[in-house]
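S.K.: Data file start.cif (mmCIF, C-alpha atoms (C1' of nucleotides)) is appended below.
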```
data_protein
loop_
_atom_site.label_atom_id
_atom_site.label_comp_id
_atom_site.auth_asym_id
_atom_site.auth_seq_id
_atom_site.Cartn_x
_atom_site.Cartn_y
_atom_site.Cartn_z
CA MET A 19 -118.83 145.72 -142.52
CA ASP A 20 -116.88 142.56 -143.41
CA ILE A 21 -114.45 142.15 -146.26
CA ARG A 22 -113.22 138.66 -147.09
CA PHE A 23 -110.09 137.83 -149.06
CA GLY A 24 -109.10 134.92 -151.25
CA TYR A 25 -106.47 133.79 -153.73
CA VAL A 26 -105.98 132.00 -157.04
CA ALA A 27 -105.13 128.42 -158.01
CA ILE A 28 -102.31 127.26 -155.73
CA ALA A 29 -101.45 127.57 -152.04
CA LEU A 30 -97.78 128.30 -151.51
CA ASN A 31 -98.02 127.22 -147.88
CA LEU A 32 -98.65 123.71 -149.17
CA SER A 33 -95.77 121.99 -150.92
CA ASN A 34 -96.29 120.80 -154.48
CA SER A 35 -99.90 121.87 -154.64
CA SER A 36 -100.08 122.54 -158.37
CA THR A 37 -103.57 122.12 -159.77
CA SER A 38 -102.43 122.98 -163.28
CA LYS A 39 -100.17 120.10 -164.20
CA THR A 40 -100.22 119.40 -167.88
CA ILE A 41 -98.40 117.93 -170.86
CA THR A 42 -97.78 119.46 -174.26
CA LEU A 43 -99.32 117.92 -177.33
CA LYS A 44 -95.88 117.12 -178.72
CA ASN A 45 -94.80 115.29 -175.61
CA LEU A 46 -98.11 113.44 -175.50
CA ALA A 47 -97.48 112.38 -179.09
CA LYS A 48 -94.11 110.92 -178.07
CA ILE A 49 -95.91 108.41 -175.88
CA GLY A 50 -96.63 105.39 -178.04
CA GLY A 51 -100.12 103.93 -178.17
CA THR A 52 -103.52 105.18 -177.18
CA GLU A 53 -103.75 103.42 -173.84
CA PRO A 54 -100.49 104.83 -172.37
CA LYS A 55 -101.50 108.33 -173.52
CA PHE A 56 -104.88 107.91 -171.88
CA THR A 57 -103.20 106.68 -168.70
CA LYS A 58 -100.86 109.67 -168.70
CA LEU A 59 -103.75 112.14 -169.01
CA ARG A 60 -105.70 110.36 -166.27
CA ARG A 61 -102.68 110.49 -163.97
CA ILE A 62 -102.10 114.22 -164.50
CA THR A 63 -105.79 115.00 -164.04
CA SER A 64 -105.93 112.86 -160.94
CA GLU A 65 -103.04 114.82 -159.41
CA ASN A 66 -104.67 118.14 -160.22
CA LEU A 67 -107.92 117.06 -158.60
CA GLU A 68 -106.13 115.61 -155.59
CA ASN A 69 -104.30 118.90 -155.06
CA THR A 70 -107.52 120.84 -155.48
CA LEU A 71 -108.96 118.76 -152.67
CA ARG A 72 -105.89 119.44 -150.51
CA ILE A 73 -106.24 123.16 -151.15
CA ILE A 74 -109.95 123.23 -150.33
CA ARG A 75 -109.18 121.42 -147.05
CA TYR A 76 -106.42 123.92 -146.34
CA ASN A 77 -108.81 126.80 -147.06
CA MET A 78 -111.30 125.30 -144.67
CA GLU A 79 -108.73 124.93 -141.91
CA GLU A 80 -107.31 128.40 -142.46
CA GLN A 81 -110.75 130.04 -142.66
CA ILE A 82 -110.30 131.22 -146.24
CA HIS A 83 -113.71 131.86 -147.79
CA LEU A 84 -112.73 132.72 -151.35
CA TYR A 85 -110.86 130.66 -153.92
CA ARG A 86 -110.45 130.58 -157.70
CA LEU A 87 -110.12 127.22 -159.40
CA THR A 88 -107.54 127.02 -162.16
CA SER A 89 -108.82 126.70 -165.71
CA LYS A 90 -106.08 124.16 -166.37
CA LEU A 91 -107.56 121.51 -164.10
CA ILE A 92 -108.15 119.14 -167.01
CA PRO A 93 -105.46 118.87 -169.71
CA PHE A 94 -106.89 118.95 -173.26
CA ALA A 95 -110.38 119.38 -171.90
CA THR A 96 -111.68 120.84 -175.16
CA TYR A 97 -109.13 119.54 -177.63
CA PRO A 98 -110.10 116.76 -180.06
CA LEU A 99 -107.88 113.78 -179.24
CA GLU A 100 -107.57 110.46 -181.01
CA PHE A 101 -109.46 108.78 -178.18
CA GLU A 102 -112.47 109.66 -176.08
CA TRP A 103 -111.46 111.78 -173.11
CA ASN A 104 -114.50 111.68 -170.92
CA TYR A 105 -113.05 113.22 -167.78
CA ILE A 106 -116.45 114.11 -166.32
CA ASP A 107 -117.45 110.44 -166.05
CA ILE A 108 -114.00 109.16 -165.13
CA PHE A 109 -113.61 111.56 -162.21
CA LYS A 110 -117.25 111.77 -161.19
CA LYS A 111 -116.49 110.79 -157.60
CA GLU A 112 -113.56 113.22 -157.28
CA PHE A 113 -115.61 116.12 -158.64
CA GLU A 114 -118.38 115.31 -156.18
CA MET A 115 -115.96 115.16 -153.26
CA ILE A 116 -114.47 118.53 -154.15
CA GLY A 117 -117.89 120.11 -154.61
CA ASN A 118 -119.20 118.72 -151.34
CA LEU A 119 -116.21 120.07 -149.45
CA ILE A 120 -116.58 123.49 -151.09
CA LYS A 121 -120.18 123.59 -149.92
CA THR A 122 -119.46 122.28 -146.44
CA ALA A 123 -116.73 124.89 -146.01
CA LYS A 124 -118.96 127.56 -147.61
CA ILE A 125 -116.18 128.71 -149.89
CA ARG A 126 -117.03 131.15 -152.67
CA VAL A 127 -115.44 129.41 -155.64
CA SER A 128 -115.06 130.90 -159.09
CA ALA A 129 -113.02 130.37 -162.24
CA HIS A 130 -111.52 132.68 -164.84
CA PRO A 131 -111.36 131.17 -168.36
CA ASP A 132 -108.06 131.88 -170.13
CA HIS A 133 -107.53 134.60 -172.67
CA TYR A 134 -108.27 132.30 -175.60
CA THR A 135 -111.90 132.63 -174.69
CA VAL A 136 -113.07 135.72 -176.54
CA ILE A 137 -116.82 136.13 -176.61
CA ASN A 138 -116.82 139.18 -178.89
CA SER A 139 -114.54 137.76 -181.58
CA PRO A 140 -115.75 138.42 -185.14
CA ASN A 141 -114.27 135.04 -186.07
CA GLU A 142 -117.02 132.45 -185.74
CA LYS A 143 -114.51 129.64 -185.09
CA VAL A 144 -112.99 131.60 -182.19
CA PHE A 145 -116.46 132.21 -180.84
CA SER A 146 -117.48 128.55 -181.02
CA ASP A 147 -114.17 127.49 -179.42
CA SER A 148 -114.89 130.00 -176.68
CA VAL A 149 -118.30 128.45 -176.13
CA LYS A 150 -116.62 125.05 -175.83
CA ASP A 151 -114.21 126.38 -173.23
CA LEU A 152 -116.99 128.04 -171.25
CA GLU A 153 -118.99 124.82 -171.40
CA TYR A 154 -115.99 122.91 -170.07
CA HIS A 155 -115.97 125.20 -167.04
CA ASP A 156 -119.73 124.89 -166.67
CA HIS A 157 -119.56 121.10 -166.87
CA ILE A 158 -116.93 120.70 -164.18
CA PHE A 159 -118.87 123.07 -161.93
CA ASN A 160 -121.97 120.97 -162.58
CA ALA A 161 -120.04 117.79 -161.83
CA MET A 162 -119.05 119.36 -158.52
CA GLY A 163 -122.70 120.14 -157.85
CA LEU A 164 -122.01 123.87 -157.88
CA GLU A 165 -125.05 125.87 -158.97
CA GLU A 166 -125.15 129.08 -160.97
CA GLN A 167 -124.06 131.31 -158.11
CA TYR A 168 -120.56 129.85 -158.68
CA LYS A 169 -119.33 132.24 -161.34
CA LEU A 170 -117.07 132.41 -164.37
CA VAL A 171 -115.23 135.71 -164.69
CA THR A 172 -114.44 136.93 -168.17
CA HIS A 173 -113.71 140.07 -170.18
CA LEU A 174 -115.53 141.77 -173.04
CA GLY A 175 -112.74 140.74 -175.44
CA GLY A 176 -110.85 142.37 -178.29
CA PHE A 177 -110.98 145.86 -179.79
CA TYR A 178 -111.03 144.95 -183.51
CA GLY A 179 -110.62 148.54 -184.57
CA ASP A 180 -114.04 149.69 -183.43
CA ARG A 181 -115.07 149.94 -179.81
CA GLU A 182 -118.80 150.48 -180.37
CA GLN A 183 -119.16 147.63 -182.82
CA SER A 184 -117.10 145.28 -180.68
CA ILE A 185 -119.23 145.99 -177.61
CA ALA A 186 -122.37 145.49 -179.70
CA ARG A 187 -120.97 142.18 -180.94
CA PHE A 188 -120.27 141.14 -177.36
CA LYS A 189 -123.91 141.68 -176.47
CA LYS A 190 -125.10 139.80 -179.54
CA ASN A 191 -122.75 136.87 -178.93
CA PHE A 192 -123.61 136.83 -175.24
CA SER A 193 -127.23 136.22 -176.17
CA ARG A 194 -126.10 133.21 -178.23
CA LEU A 195 -124.41 131.48 -175.29
CA PRO A 196 -125.95 128.31 -173.87
CA HIS A 197 -128.14 129.08 -170.88
CA GLY A 198 -125.99 127.21 -168.35
CA VAL A 199 -122.94 129.24 -169.33
CA LYS A 200 -124.75 132.56 -169.57
CA SER A 201 -126.12 132.32 -166.05
CA ARG A 202 -122.61 131.90 -164.62
CA ILE A 203 -120.87 134.76 -166.41
CA VAL A 204 -119.71 137.89 -164.65
CA LEU A 205 -117.71 140.59 -166.44
CA GLU A 206 -114.51 142.35 -165.50
CA ASN A 207 -112.86 145.56 -166.74
CA ASP A 208 -109.51 144.97 -168.45
CA ASP A 209 -106.15 146.74 -168.40
CA LYS A 210 -105.99 147.87 -172.02
CA ILE A 211 -109.33 148.17 -173.79
CA TYR A 212 -112.60 148.12 -171.90
CA THR A 213 -112.77 150.40 -168.85
CA ALA A 214 -114.81 149.91 -165.71
CA GLU A 215 -117.29 152.48 -166.97
CA GLU A 216 -117.84 150.62 -170.26
CA VAL A 217 -118.08 147.19 -168.67
CA LEU A 218 -120.56 148.55 -166.13
CA GLU A 219 -122.84 149.74 -168.88
CA VAL A 220 -122.81 146.31 -170.53
CA CYS A 221 -123.45 144.63 -167.16
CA GLN A 222 -126.41 146.88 -166.47
CA GLU A 223 -127.95 146.16 -169.84
CA LEU A 224 -127.39 142.40 -169.75
CA LYS A 225 -128.15 142.18 -166.05
CA VAL A 226 -124.93 140.39 -165.17
CA PRO A 227 -122.75 141.19 -162.13
CA MET A 228 -119.54 143.15 -162.57
CA VAL A 229 -116.19 142.38 -161.00
CA LEU A 230 -114.18 145.56 -160.60
CA ASP A 231 -110.45 145.02 -161.05
CA LEU A 232 -108.78 147.88 -159.18
CA HIS A 233 -105.41 147.39 -160.82
CA HIS A 234 -106.92 147.33 -164.31
CA HIS A 235 -108.82 150.48 -163.45
CA THR A 236 -105.51 152.15 -162.57
CA CYS A 237 -103.93 151.04 -165.87
CA ASN A 238 -107.03 151.83 -167.91
CA PRO A 239 -109.00 154.47 -166.02
CA LYS A 240 -112.20 156.21 -167.01
CA GLY A 241 -114.90 157.65 -164.80
CA ASP A 242 -114.90 158.48 -161.12
CA LEU A 243 -114.55 155.47 -158.80
CA GLU A 244 -116.68 157.04 -156.11
CA GLU A 245 -119.56 157.30 -158.56
CA LEU A 246 -118.90 153.90 -160.14
CA ILE A 247 -118.76 151.82 -156.96
CA PRO A 248 -122.44 152.08 -155.92
CA LYS A 249 -123.51 151.25 -159.47
CA ILE A 250 -121.13 148.30 -159.64
CA TRP A 251 -122.39 147.09 -156.25
CA ASP A 252 -125.97 147.29 -157.62
CA THR A 253 -125.15 144.75 -160.36
CA TRP A 254 -124.77 142.19 -157.56
CA THR A 255 -128.42 141.66 -156.74
CA ASP A 256 -128.15 138.31 -154.95
CA PHE A 257 -124.59 138.05 -153.66
CA ARG A 258 -121.94 140.19 -152.09
CA PRO A 259 -119.90 142.12 -154.67
CA LYS A 260 -116.39 141.03 -155.56
CA ILE A 261 -113.32 142.93 -156.69
CA HIS A 262 -109.87 141.90 -157.90
CA VAL A 263 -106.73 143.44 -156.42
CA SER A 264 -103.09 143.28 -157.50
CA SER A 265 -100.10 145.56 -157.47
CA PRO A 266 -97.95 146.51 -160.44
CA LYS A 267 -94.56 144.83 -160.55
CA ASP A 268 -92.73 148.07 -161.26
CA GLN A 269 -93.46 151.60 -162.44
CA LYS A 270 -92.39 150.84 -166.00
CA SER A 271 -94.79 147.99 -166.59
CA CYS A 272 -98.07 148.82 -164.96
CA ARG A 273 -99.65 145.63 -166.12
CA HIS A 274 -97.43 142.94 -164.60
CA HIS A 275 -98.44 141.46 -161.28
CA ALA A 276 -96.12 141.86 -158.32
CA ASP A 277 -95.29 139.23 -155.70
CA TYR A 278 -97.28 140.92 -152.96
CA ILE A 279 -100.00 143.57 -152.63
CA GLU A 280 -99.39 147.09 -151.37
CA ALA A 281 -101.91 147.81 -148.63
CA SER A 282 -102.02 151.39 -149.86
CA SER A 283 -103.51 150.25 -153.19
CA LEU A 284 -106.61 149.20 -151.26
CA THR A 285 -107.03 151.68 -148.40
CA ASN A 286 -108.45 154.50 -150.52
CA PHE A 287 -110.93 152.08 -152.06
CA LEU A 288 -111.97 150.84 -148.62
CA SER A 289 -112.77 154.35 -147.50
CA LEU A 290 -114.91 154.88 -150.61
CA THR A 291 -116.95 151.74 -149.92
CA LYS A 292 -117.51 152.46 -146.26
CA LYS A 293 -120.56 154.63 -146.62
CA LEU A 294 -122.30 151.98 -148.71
CA ASN A 295 -122.05 149.67 -145.72
CA ARG A 296 -122.14 146.51 -147.75
CA ASP A 297 -119.98 143.42 -147.22
CA PHE A 298 -117.83 142.42 -150.18
CA ASP A 299 -115.06 140.05 -151.26
CA VAL A 300 -111.56 140.67 -152.60
CA MET A 301 -109.66 138.28 -154.85
CA ILE A 302 -105.90 138.69 -154.53
CA GLU A 303 -103.97 138.30 -157.77
CA ALA A 304 -100.34 138.10 -156.73
CA LYS A 305 -97.45 135.79 -157.41
CA MET A 306 -97.19 134.86 -153.75
CA LYS A 307 -100.84 133.71 -153.70
CA ASP A 308 -102.07 132.82 -150.17
CA LYS A 309 -98.89 134.22 -148.62
CA ALA A 310 -99.58 137.58 -150.27
CA MET A 311 -103.12 137.44 -148.92
CA PHE A 312 -102.01 136.82 -145.34
CA LYS A 313 -99.40 139.55 -145.58
CA LEU A 314 -101.93 142.05 -146.94
CA ILE A 315 -104.33 141.34 -144.10
CA LYS A 316 -101.55 141.75 -141.59
CA ASP A 317 -100.52 145.06 -143.16
CA LEU A 318 -104.10 146.30 -143.31
CA SER A 319 -104.68 145.42 -139.65
CA GLU A 320 -102.01 147.97 -138.73
CA TYR A 321 -104.39 150.72 -139.78
CA ASP A 322 -106.43 152.31 -136.98
CA ASP A 323 -109.93 151.64 -138.25
CA ILE A 324 -109.31 148.11 -139.53
CA THR A 325 -109.64 144.99 -137.39
CA THR A 326 -109.50 141.30 -138.30
CA ILE A 327 -112.35 138.87 -137.83
CA ASP A 328 -110.46 135.77 -138.85
CA GLN A 329 -107.32 134.97 -140.84
CA SER A 330 -108.83 136.11 -144.11
CA THR A 331 -111.51 138.60 -143.12
CA ILE A 332 -111.29 142.20 -141.99
CA LYS A 333 -113.82 144.58 -140.49
CA ILE A 334 -113.92 148.30 -141.21
"C1'" DT B 21 -80.33 121.06 -159.26
"C1'" DC B 22 -80.74 124.92 -162.05
"C1'" DG B 23 -81.42 127.58 -166.30
"C1'" DT B 24 -83.46 127.73 -170.83
"C1'" DG B 25 -86.59 126.82 -174.56
"C1'" DT B 26 -91.22 125.25 -175.65
"C1'" DC B 27 -96.19 125.04 -175.49
"C1'" DA B 28 -103.46 123.94 -178.18
"C1'" DA B 29 -105.78 127.81 -178.06
"C1'" DG B 30 -105.97 134.84 -179.55
"C1'" DA B 31 -105.06 139.63 -180.32
"C1'" DT B 32 -102.35 143.23 -181.74
"C1'" DC B 33 -98.45 145.70 -183.33
"C1'" DT B 34 -94.65 145.74 -186.60
"C1'" DT B 35 -92.63 144.70 -190.85
"C1'" DA C 26 -99.30 138.04 -195.20
"C1'" DA C 27 -96.01 136.72 -191.88
"C1'" DG C 28 -93.49 137.33 -187.66
"C1'" DA C 29 -92.66 139.20 -183.03
"C1'" DT C 30 -94.57 140.19 -178.63
"C1'" DC C 31 -97.69 139.84 -174.88
"C1'" DT C 32 -98.51 136.60 -170.79
"C1'" DT C 33 -98.35 132.35 -168.06
"C1'" DG C 34 -97.03 128.25 -165.35
"C1'" DA C 35 -95.38 124.04 -166.05
"C1'" DC C 36 -92.66 120.58 -168.41
"C1'" DA C 37 -88.60 118.65 -170.94
"C1'" DC C 38 -84.09 118.81 -171.73
"C1'" DG C 39 -79.39 119.67 -171.14
"C1'" DA C 40 -75.52 121.71 -168.51
#
```
Give the structure from this file in structure tokens form.

M.R.:
Amino acid sequence: MDIRFGYVAIALNLSNSSTSKTITLKNLAKIGGTEPKFTKLRRITSENLENTLRIIRYNMEEQIHLYRLTSKLIPFATYPLEFEWNYIDIFKKEFEMIGNLIKTAKIRVSAHPDHYTVINSPNEKVFSDSVKDLEYHDHIFNAMGLEEQYKLVTHLGGFYGDREQSIARFKKNFSRLPHGVKSRIVLENDDKIYTAEEVLEVCQELKVPMVLDLHHHTCNPKGDLEELIPKIWDTWTDFRPKIHVSSPKDQKSCRHHADYIEASSLTNFLSLTKKLNRDFDVMIEAKMKDKAMFKLIKDLSEYDDITTIDQSTIKI
DNA sequence: TCGTGTCAAGATCTT
DNA sequence: AAGATCTTGACACGA
């Protein structure tokens, strides 16, 4: 079976490939006049999109089949500014180019809205802002021509003093999401509150796929992985399952991401998935991005029963 | 060129 | 009720 690997946001093998350039509101305010502000935002956005294109090309050349777009592609995408900021129309051609390349290269692209997006918040304003943010992601995917199999990964949200109620509120609020957004959402277990077991149950009920984060499961464990994996795999009815992998920075702080990934944090998991004989994908969350991915594959290929198919794919 | 403080957005813990 | 902390990468500013 094949296991493909990918990385998040920027390629460190490319120089200056940031796709998350931005400006703070205060510094934007320092620029006098509407037109210069508008120009500044257009220039930043243009650079982010240009670098995204560079990275997609790089992924194509390096045979990398998995990539996560940054959520910071468009500065102030959902913030009310003093002028109209219609980035979808302005960069229509650029979005199309990126989307076409993603499809030509057959790259599995996703995005992961930031932590301000909290679907289960009891605060209606936070919920409606979350909807706006999710719609922003949906709209840029649409502008790229990426259909609903291109997913948005998110968490259940906050605890708010009552686990049961907060999960119930997630389900209720999920049903209130616009259709386009809802059909893209996949859910991930987090490192503090909602365990893989709990997220799985929600995924089964709502019929949405589940991304298992191995590192979060280590920080916030519940249930037996061997029993959970087949059920998690079953939530992916149309596509190959996906997991997230990272390594803790040090023993003290389990939750911080390290520069690279320890191969050993994955080998046990690989052996558990083997009998299911189903291809899946692994998103690397490490500071060293694509470099960490290549190093992990090299380290894994040292193991007896692991071979490489291409630069970012292994066979077990 | 490098180090430090700041930033649109939330949640949670501490006071 | 208000403030500190979490977490994050990038920018602005000053040394």

S.K.: Residues of chain C near chain A: apply a cut-off of 9 Å, count only C-alpha atoms (C1' of nucleotides), and supply the list as a PyMOL selection string.

M.R.: chain C and resi 32+34-37

S.K.: Keeping only C-alpha atoms (C1' of nucleotides), take the residues you just selected and write them out as a short mmCIF file (atom, residue, chain, number, x, y, z; two decimals), in the frame of the given file.

M.R.:
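Writing the result to again-v9.cif gives the following:
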```cif
data_model
loop_
_atom_site.label_atom_id
_atom_site.label_comp_id
_atom_site.auth_asym_id
_atom_site.auth_seq_id
_atom_site.Cartn_x
_atom_site.Cartn_y
_atom_site.Cartn_z
"C1'" DT C 32 -98.51 136.60 -170.79
"C1'" DG C 34 -97.03 128.25 -165.35
"C1'" DA C 35 -95.38 124.04 -166.05
"C1'" DC C 36 -92.66 120.58 -168.41
"C1'" DA C 37 -88.60 118.65 -170.94
#
```

S.K.: With a distance cut-off of 10 Å and only C-alpha atoms (C1' of nucleotides), select the neighbouring residues of region 21-25 of chain B, excluding the residue or stretch itself and same-chain residues fewer than 2 positions from it, and output the selection as number ranges by chain.

M.R.: B: 27; C: 37-40

S.K.: Quick one: pull the distance between CA of Val229 (chain A) and CA of Ala214 (chain A), Å, one decimal.

M.R.: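 Calculated distance between CA of Val229 (chain A) and CA of Ala214 (chain A) is 9.0 Å.
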
S.K.: Expand the PyMOL selection byres ((chain C and resi 26) around 12) into the explicit residue set it covers here, and present it as a PDB file with C-alpha atoms (C1' of nucleotides), in the frame of the given file.

M.R.:
```
ATOM      1  C1'  DT B  35     -92.630 144.700-190.850  1.00  0.00           C
TER       2       DT B  35
ATOM      3  C1'  DA C  27     -96.010 136.720-191.880  1.00  0.00           C
ATOM      4  C1'  DG C  28     -93.490 137.330-187.660  1.00  0.00           C
TER       5       DG C  28
END
```

S.K.: Please measure the separation of CA of Leu43 (chain A) and CA of Thr88 (chain A), giving the value in Å to one decimal.

M.R.: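 If I compute the distance from CA of Leu43 (chain A) to CA of Thr88 (chain A), I get 19.5 Å.
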
S.K.: List, as a list in words, every residue that the PyMOL selection byres ((chain A) within 9 of (chain B)) selects in the file provided.

M.R.: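 When the PyMOL selection byres ((chain A) within 9 of (chain B)) is applied to the shown file, the picked residues are Ile41, Thr42, Leu43, Lys44, Phe94, Tyr97, His133, Tyr134, Thr135, Val136, Val144, Asp147, Gly176, Phe177 and Tyr178 of chain A.
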
S.K.: How far is it from CA of Glu102 (chain A) to CA of Pro54 (chain A), in Å with one decimal?

M.R.: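 Going from CA of Glu102 (chain A) over to CA of Pro54 (chain A), I get 13.4 Å.
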
S.K.: Please evaluate the PyMOL selection byres ((chain A and resi 305-316) around 8) against the displayed coordinates and give the resulting residues as a list of chain:residue names.

M.R.: A:Phe23, A:Gly24, A:Tyr25, A:Val26, A:Ile28, A:Ala29, A:Leu30, A:Asn31, A:His275, A:Ala276, A:Asp277, A:Tyr278, A:Ile279, A:Glu280, A:Ala281, A:Ile302, A:Glu303, A:Ala304, A:Asp317, A:Leu318, A:Ser319, A:Glu320, A:Thr326, A:Gln329, A:Ser330, A:Thr331, A:Ile332

S.K.: In the coordinate frame of the file, compute which residues have an atom within 9 Å of (-116.8, 141.2, -185.4) when using all atoms listed in the file, and state them as a PyMOL selection string.

M.R.: chain A and resi 138-142+178+183-184+187-188
